[in-house]
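The file upload_18.txt comes next; it holds compact mmCIF, C-alpha atoms.
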# COMPACT_ATOMS: atom_id res chain seq x y z
CA MET D 3 -108.67 -17.22 -42.76
CA MET D 4 -106.02 -14.53 -42.30
CA ILE D 5 -102.72 -16.30 -42.94
CA VAL D 6 -99.48 -14.75 -41.69
CA LYS D 7 -96.77 -15.63 -44.19
CA SER D 8 -93.32 -16.47 -42.90
CA ASN D 9 -89.95 -16.04 -44.58
CA GLN D 10 -86.75 -18.09 -44.43
CA GLU D 11 -85.27 -15.91 -41.69
CA GLN D 12 -88.37 -16.11 -39.47
CA ASP D 13 -88.82 -19.81 -40.19
CA LYS D 14 -85.42 -20.64 -38.66
CA LYS D 15 -86.15 -18.91 -35.37
CA THR D 16 -87.08 -20.89 -32.26
CA ILE D 17 -89.04 -19.44 -29.36
CA ALA D 18 -85.78 -18.76 -27.53
CA ASP D 19 -84.36 -16.87 -30.56
CA LYS D 20 -87.49 -14.88 -30.98
CA LYS D 21 -86.59 -11.87 -28.97
CA VAL D 22 -89.74 -10.19 -30.14
CA SER D 23 -90.01 -6.73 -28.71
CA GLU D 24 -92.37 -6.26 -25.78
CA LYS D 25 -93.96 -3.56 -27.90
CA LEU D 26 -94.93 -5.97 -30.69
CA ILE D 27 -96.23 -8.56 -28.19
CA GLY D 28 -98.35 -5.85 -26.57
CA GLU D 29 -99.65 -4.61 -29.93
CA MET D 30 -100.48 -8.12 -31.08
CA ARG D 31 -102.27 -8.90 -27.83
CA LYS D 32 -104.29 -5.71 -28.11
CA TYR D 33 -105.22 -6.60 -31.70
CA ASN D 34 -106.28 -10.13 -30.68
CA GLU D 35 -108.39 -8.64 -27.91
CA GLN D 36 -110.06 -6.30 -30.40
CA LEU D 37 -110.90 -9.26 -32.64
CA ALA D 38 -112.28 -11.21 -29.67
CA ASN D 39 -114.25 -8.27 -28.24
CA ALA D 40 -115.80 -7.57 -31.63
CA GLY D 41 -117.05 -11.16 -31.61
CA VAL D 42 -115.43 -12.03 -34.94
CA LEU D 43 -112.56 -14.24 -33.72
CA LEU D 44 -113.12 -18.00 -34.12
CA ASP D 45 -109.57 -19.31 -33.76
CA LEU D 46 -105.93 -18.26 -33.83
CA SER D 47 -102.64 -20.12 -33.64
CA GLY D 48 -98.95 -20.06 -34.40
CA LEU D 49 -97.06 -22.82 -36.17
CA GLN D 50 -93.60 -24.14 -35.32
CA GLY D 51 -90.83 -23.62 -37.90
CA SER D 52 -90.85 -25.90 -40.93
CA SER D 53 -87.92 -27.91 -39.47
CA HIS D 54 -90.65 -29.57 -37.35
CA GLY D 55 -92.71 -30.28 -40.47
CA THR D 56 -93.01 -32.77 -43.33
CA ARG D 57 -94.47 -32.69 -46.81
CA ILE D 58 -96.15 -35.51 -48.67
CA LYS D 59 -96.18 -34.99 -52.42
CA PHE D 60 -99.00 -36.65 -54.36
CA SER D 61 -98.07 -37.16 -58.01
CA PRO D 62 -100.26 -38.27 -60.89
CA GLY D 63 -100.23 -42.05 -60.98
CA GLY D 64 -100.68 -42.32 -57.24
CA LYS D 65 -97.05 -41.94 -56.18
CA LYS D 66 -96.45 -40.39 -52.74
CA THR D 67 -93.13 -38.91 -51.66
CA VAL D 68 -92.32 -37.90 -48.09
CA VAL D 69 -90.00 -34.90 -47.72
CA ASP D 70 -88.82 -33.82 -44.27
CA GLY D 71 -88.57 -30.13 -43.33
CA PRO D 72 -87.13 -27.52 -43.22
CA PHE D 73 -88.43 -26.34 -46.58
CA THR D 74 -85.59 -23.97 -47.42
CA GLU D 75 -86.65 -23.52 -51.05
CA SER D 76 -90.14 -22.33 -50.18
CA LYS D 77 -91.23 -18.71 -50.39
CA GLU D 78 -94.75 -19.45 -49.16
CA LEU D 79 -94.40 -20.69 -45.59
CA VAL D 80 -97.12 -20.11 -43.05
CA ALA D 81 -96.21 -18.70 -39.63
CA GLY D 82 -99.68 -18.55 -38.11
CA PHE D 83 -103.30 -17.62 -38.72
CA TRP D 84 -106.55 -16.16 -37.45
CA ILE D 85 -109.99 -17.43 -38.42
CA ILE D 86 -112.65 -14.73 -38.36
CA ASP D 87 -116.36 -14.69 -39.15
CA VAL D 88 -117.40 -11.41 -40.80
CA LYS D 89 -120.06 -10.17 -43.19
CA SER D 90 -117.93 -9.46 -46.26
CA SER D 91 -114.46 -9.77 -47.71
CA GLU D 92 -114.14 -5.98 -47.32
CA GLU D 93 -114.59 -6.37 -43.57
CA ALA D 94 -111.99 -9.16 -43.50
CA ILE D 95 -109.50 -7.00 -45.42
CA GLU D 96 -110.28 -4.15 -43.03
CA TRP D 97 -109.33 -6.35 -40.08
CA ALA D 98 -106.16 -7.64 -41.74
CA ASN D 99 -105.19 -4.06 -42.50
CA ARG D 100 -105.43 -3.16 -38.82
CA ALA D 101 -103.06 -5.95 -37.70
CA PRO D 102 -99.64 -4.90 -36.48
CA ALA D 103 -96.87 -5.83 -38.96
CA PRO D 104 -96.53 -9.50 -37.93
CA HIS D 105 -92.73 -9.70 -37.82
CA GLY D 106 -92.20 -6.19 -36.46
CA PRO D 107 -92.01 -2.84 -38.25
CA ASP D 108 -88.44 -3.37 -39.49
CA GLN D 109 -89.31 -6.44 -41.58
CA GLU D 110 -91.45 -6.87 -44.66
CA SER D 111 -94.34 -9.23 -44.13
CA GLU D 112 -97.63 -10.32 -45.59
CA ILE D 113 -101.06 -11.43 -44.46
CA GLU D 114 -103.15 -13.42 -46.92
CA VAL D 115 -106.93 -13.24 -46.55
CA ARG D 116 -108.82 -16.28 -47.84
CA GLN D 117 -112.50 -17.12 -47.79
CA PHE D 118 -113.79 -20.47 -46.58
CA ILE D 119 -115.98 -22.74 -48.64
CA GLU D 120 -119.20 -23.06 -46.66
CA LEU D 121 -121.31 -26.18 -46.91
CA GLU D 122 -124.23 -24.32 -48.46
CA ASP D 123 -122.00 -22.90 -51.22
CA TYR D 124 -122.45 -25.61 -53.83
CA LEU D 125 -122.26 -29.07 -52.46
CA PRO D 126 -124.86 -31.78 -53.04
CA ASP D 127 -127.28 -32.48 -50.18
CA GLU D 128 -126.01 -35.97 -49.56
CA ALA D 129 -122.51 -34.66 -49.03
CA ILE D 130 -123.73 -32.03 -46.61
CA GLU D 131 -125.36 -34.73 -44.55
CA LYS D 132 -122.08 -36.60 -44.48
CA TYR D 133 -120.22 -33.56 -43.24
CA GLU D 134 -122.80 -32.84 -40.58
CA GLN D 135 -122.40 -36.41 -39.43
CA VAL D 136 -118.63 -35.90 -39.16
CA ALA D 137 -119.23 -32.69 -37.21
CA ARG D 138 -121.46 -34.55 -34.75
CA ILE D 139 -118.85 -37.27 -34.20
CA ARG D 140 -116.22 -34.59 -33.63
CA LEU D 141 -118.38 -32.84 -31.09
CA GLU D 142 -118.97 -36.07 -29.22
CA LYS D 143 -115.27 -36.97 -29.19
CA LEU D 144 -114.42 -33.48 -28.02
CA SER D 145 -116.73 -33.55 -25.04
CA GLN D 146 -115.53 -37.06 -24.21
CA MET D 147 -111.92 -35.79 -24.24
CA LYS D 148 -112.84 -32.89 -21.98
CA ARG D 149 -114.61 -35.25 -19.55
CA GLU D 150 -111.54 -37.49 -19.39
CA ALA D 151 -109.24 -34.50 -18.98
CA ARG D 152 -111.33 -33.28 -16.08
CA LYS D 153 -111.35 -36.71 -14.42
CA SER D 154 -107.56 -37.06 -14.63
CA GLY D 155 -106.81 -33.44 -13.81
CA MET I 299 -99.43 -32.61 -30.26
CA ARG I 300 -101.48 -30.61 -32.71
CA PHE I 301 -100.61 -30.57 -36.39
CA MET I 302 -102.04 -28.73 -39.36
CA MET I 303 -102.19 -30.73 -42.58
CA MET I 304 -102.42 -28.19 -45.39
CA ILE I 305 -103.37 -29.22 -48.91
CA LYS I 306 -101.24 -27.15 -51.27
CA MET I 307 -101.53 -26.90 -55.03
CA LYS I 308 -99.54 -25.08 -57.68
CA LYS I 309 -102.60 -23.43 -59.18
CA ASP I 310 -106.11 -22.53 -58.10
CA PRO I 311 -108.62 -25.26 -58.89
CA VAL I 312 -110.49 -24.48 -62.12
CA ALA I 313 -113.78 -22.72 -61.42
CA GLY I 314 -116.83 -24.92 -61.81
CA LYS I 315 -114.67 -28.03 -61.80
CA GLY I 316 -115.31 -29.15 -58.26
CA PRO I 317 -114.53 -32.64 -57.08
CA SER I 318 -116.56 -35.46 -58.64
CA LYS I 319 -119.26 -37.13 -56.57
CA GLU I 320 -116.99 -40.15 -56.10
CA ALA I 321 -114.03 -38.06 -54.98
CA PHE I 322 -116.32 -36.28 -52.59
CA GLU I 323 -117.56 -39.49 -51.06
CA VAL I 324 -114.06 -40.92 -50.70
CA MET I 325 -112.97 -37.71 -48.96
CA GLY I 326 -116.05 -37.87 -46.75
CA LYS I 327 -115.06 -41.37 -45.68
CA TYR I 328 -111.52 -40.24 -44.84
CA ASN I 329 -112.87 -37.35 -42.77
CA GLU I 330 -115.13 -39.78 -40.98
CA GLN I 331 -112.14 -41.98 -40.12
CA LEU I 332 -110.29 -38.96 -38.72
CA ALA I 333 -113.34 -37.97 -36.67
CA LYS I 334 -114.12 -41.47 -35.37
CA SER I 335 -110.58 -42.09 -34.21
CA GLY I 336 -110.83 -38.87 -32.21
CA VAL I 337 -107.88 -37.07 -33.82
CA LEU I 338 -109.81 -34.47 -35.86
CA LEU I 339 -110.05 -31.02 -34.27
CA ASP I 340 -110.96 -28.90 -37.27
CA MET I 341 -111.01 -28.86 -41.05
CA GLY I 342 -111.89 -26.43 -43.78
CA GLY I 343 -111.79 -25.80 -47.50
CA LEU I 344 -110.77 -22.43 -48.94
CA GLN I 345 -112.24 -20.67 -51.95
CA PRO I 346 -109.92 -19.99 -54.93
CA THR I 347 -107.60 -16.99 -54.53
CA THR I 348 -109.81 -14.98 -56.92
CA LYS I 349 -111.88 -14.38 -53.78
CA GLY I 350 -108.83 -13.54 -51.64
CA ALA I 351 -106.57 -10.58 -50.92
CA LYS I 352 -103.12 -9.89 -49.51
CA ILE I 353 -101.94 -7.12 -47.27
CA LYS I 354 -98.26 -6.37 -47.70
CA PHE I 355 -96.45 -4.67 -44.81
CA SER I 356 -93.37 -2.68 -45.88
CA THR I 357 -90.56 -1.58 -43.60
CA ASP I 358 -91.57 2.07 -44.01
CA GLY I 359 -94.89 1.28 -42.33
CA LYS I 360 -96.81 1.27 -45.61
CA LYS I 361 -99.56 -1.27 -46.15
CA THR I 362 -100.63 -2.33 -49.63
CA VAL I 363 -103.76 -4.32 -50.40
CA VAL I 364 -103.42 -6.69 -53.37
CA ASP I 365 -106.53 -8.46 -54.64
CA GLY I 366 -106.43 -12.09 -55.76
CA PRO I 367 -105.97 -14.21 -57.81
CA PHE I 368 -102.34 -14.84 -56.86
CA THR I 369 -101.17 -16.19 -60.20
CA GLU I 370 -97.48 -15.80 -59.33
CA SER I 371 -97.80 -18.12 -56.34
CA LYS I 372 -96.75 -21.75 -56.61
CA GLU I 373 -98.08 -22.90 -53.25
CA LEU I 374 -101.76 -22.17 -52.82
CA ILE I 375 -103.60 -23.55 -49.83
CA VAL I 376 -106.86 -25.17 -50.87
CA GLY I 377 -107.83 -26.69 -47.53
CA TYR I 378 -106.58 -28.13 -44.26
CA TRP I 379 -107.19 -30.43 -41.31
CA VAL I 380 -106.10 -29.81 -37.72
CA ILE I 381 -105.39 -33.08 -35.92
CA GLN I 382 -104.25 -34.05 -32.44
CA VAL I 383 -101.91 -37.04 -32.43
CA LYS I 384 -98.99 -38.42 -30.38
CA SER I 385 -96.15 -37.82 -32.85
CA LEU I 386 -95.13 -36.37 -36.21
CA GLU I 387 -94.92 -39.95 -37.50
CA GLU I 388 -98.58 -40.50 -36.70
CA ALA I 389 -99.46 -37.26 -38.51
CA ILE I 390 -97.47 -38.42 -41.56
CA GLU I 391 -99.34 -41.74 -41.49
CA TRP I 392 -102.66 -39.90 -41.59
CA ALA I 393 -101.53 -37.53 -44.35
CA LYS I 394 -100.37 -40.44 -46.51
CA ARG I 395 -103.82 -42.00 -46.25
CA ALA I 396 -105.57 -38.86 -47.55
CA PRO I 397 -107.37 -39.67 -50.80
CA LEU I 398 -106.03 -36.89 -53.00
CA GLN I 399 -106.65 -37.70 -56.63
CA HIS I 400 -105.31 -35.65 -59.48
CA GLY I 401 -105.60 -36.71 -63.05
CA SER I 402 -103.87 -33.61 -64.34
CA ASP I 403 -100.25 -32.52 -64.07
CA ASP I 404 -101.06 -30.41 -61.03
CA ASP I 405 -98.89 -32.03 -58.42
CA CYS I 406 -100.52 -31.67 -55.11
CA GLU I 407 -98.99 -31.92 -51.68
CA ILE I 408 -99.87 -32.00 -48.02
CA GLU I 409 -97.65 -29.95 -45.75
CA ILE I 410 -97.69 -31.01 -42.12
CA ARG I 411 -96.83 -28.34 -39.57
CA GLN I 412 -96.76 -28.53 -35.80
CA PHE I 413 -98.61 -25.99 -33.65
CA PHE I 414 -97.03 -23.97 -30.89
CA GLU I 415 -98.62 -25.05 -27.62
CA ILE I 416 -98.77 -22.86 -24.55
CA GLU I 417 -96.38 -25.34 -22.86
CA ASP I 418 -93.72 -24.43 -25.44
CA PHE I 419 -93.38 -20.97 -23.92
CA PRO I 420 -91.41 -20.13 -20.77
CA GLU I 421 -93.72 -20.04 -17.72
CA THR I 422 -94.20 -16.32 -17.17
CA GLU I 423 -97.12 -14.61 -15.45
CA ARG I 424 -98.71 -14.03 -18.83
CA VAL I 425 -98.32 -17.66 -19.93
CA LYS I 426 -99.86 -18.78 -16.65
CA ALA I 427 -102.81 -16.46 -17.22
CA ALA I 428 -103.20 -17.81 -20.75
CA LYS I 429 -103.24 -21.39 -19.45
CA ASP I 430 -105.98 -20.49 -16.98
CA ALA I 431 -107.93 -18.81 -19.78
CA GLY I 432 -107.47 -21.95 -21.87
CA LYS I 433 -108.93 -24.10 -19.10
CA LYS I 434 -111.92 -21.80 -18.87
CA ALA I 435 -112.36 -21.93 -22.65
CA GLY I 436 -112.24 -25.74 -22.43
CA ASP I 437 -115.11 -25.68 -19.96
CA VAL I 438 -117.12 -23.39 -22.21
CA TYR I 439 -116.42 -25.70 -25.14
CA LYS I 440 -117.67 -28.65 -23.16
CA GLU I 441 -120.87 -26.83 -22.27
CA MET I 442 -121.36 -25.93 -25.93
CA ALA I 443 -120.84 -29.56 -26.93
CA ASN I 444 -123.36 -30.70 -24.32
CA ASP I 445 -125.89 -28.09 -25.43
CA ALA I 446 -125.52 -29.19 -29.04
CA ARG I 447 -126.00 -32.81 -28.00
CA SER I 448 -129.10 -32.16 -25.95
CA GLN I 449 -130.57 -30.20 -28.86
CA GLN I 450 -130.07 -33.17 -31.13
CA LYS I 451 -132.11 -35.41 -28.85

Show this structure as structure tokens.
Amino acid sequence: MMIVKSNQEQDKKTIADKKVSEKLIGEMRKYNEQLANAGVLLDLSGLQGSSHGTRIKFSPGGKKTVVDGPFTESKELVAGFWIIDVKSSEEAIEWANRAPAPHGPDQESEIEVRQFIELEDYLPDEAIEKYEQVARIRLEKLSQMKREARKSG
Amino acid sequence: MRFMMMIKMKKDPVAGKGPSKEAFEVMGKYNEQLAKSGVLLDMGGLQPTTKGAKIKFSTDGKKTVVDGPFTESKELIVGYWVIQVKSLEEAIEWAKRAPLQHGSDDDCEIEIRQFFEIEDFPETERVKAAKDAGKKAGDVYKEMANDARSQQK
């Protein structure tokens, strides 16, 4: 997962405020195309500002506290992400390094590269079966949703 | 509406101290509930930041690669779910039901963030093209789901 970190200034911006330069949009689109054409891109998305978000804090003892956004104290907000499937972490870093500066060249920014835990990494067999079962249910629900969407649309 | 529920912790989980079998089963049950109710789109667990890296983009165009672990960070993402629900309230309900158990002083939280959807953007030529591409991708997804199902039989 290549996570684009946000900052307080970016987090406040709405789509209408985001007068992102045509140049950056073009560069980002080209980069996304490169990822897709290379066959490594699994998913990508952008997240709304944290004012649309909520946090649930889980404390020892089982207490849960709901805190509404925006999270103005946070230095670690996520703006968006790509999920890629590559052969090594070096290759992932290589891809992240080729990304255009996510908030434009006149702003500091950061992309965090993190590796997924794969089922075969260290989980017990029984658990893997459980997860595969969940994956099957998901797949079924997904195709059901698509069928319904097609019927209504 | 799509939401990402990110599990954030203050520190990386201790190596070799994975979740207990019980915790794993309880989490498996929760995932199953998400899947069966048709809200689960994706989920994943991330390896500790020792296996990660950051690329920092400076305003002078310089890029710096920093290897993990990110010990200075207080908000590390350990995993996430992507769900499709009708409202933020529904997402909060789901997040509150997540069986996160922590016996230590590592407070743990779930941050809920809303995705940008293509409908959020002004209807330009490009957005229209993206919507068409999305429809095509949906069809491909459906075919994939059907293929997977027929292979199971």

Could you list, as a PyMOL selection string, the residues of chain I having an atom within 8 Å of chain D when counting all atoms listed in the file? chain I and resi 322-323+326+329-330+333-334+336+338-339+342-345+347+349-359+361+371+373+386+390+393-394+398-414+418-419+436-437+439-440+443-444+447

Using Å and a single decimal, report how far atom CA of I:Trp392 sits from atom CA of I:Lys327. 13.1 Å

To one decimal in Å, tell me the separation between atom CA of D:Gln36 and atom CA of I:Val364.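 Straight-line distance from atom CA of D:Gln36 to atom CA of I:Val364 works out to 23.9 Å.
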
Atom pair atom CA of I:Leu374 / atom CA of I:Lys306: separation (Å): 5.2 Å

Show me the residues around (-110.1, -28.2, -47.4) - criterion: an atom at most 8 Å away, all atoms listed in the file counted - as a compact mmCIF listing (two decimals) with C-alpha atoms, keeping the file's coordinate frame.
# COMPACT_ATOMS: atom_id res chain seq x y z
CA MET I 304 -102.42 -28.19 -45.39
CA ILE I 305 -103.37 -29.22 -48.91
CA MET I 341 -111.01 -28.86 -41.05
CA GLY I 342 -111.89 -26.43 -43.78
CA GLY I 343 -111.79 -25.80 -47.50
CA LEU I 344 -110.77 -22.43 -48.94
CA VAL I 376 -106.86 -25.17 -50.87
CA GLY I 377 -107.83 -26.69 -47.53
CA TYR I 378 -106.58 -28.13 -44.26
CA TRP I 379 -107.19 -30.43 -41.31

For the point (-108.6, -21.9, -34.9) in the file's frame, write as a list of chain:residue names all residues with an atom no more than 6 Å away, counting all atoms listed in the file.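 Residues satisfying the cut-off, written out: D:Asp45, D:Leu46, D:Ile85.
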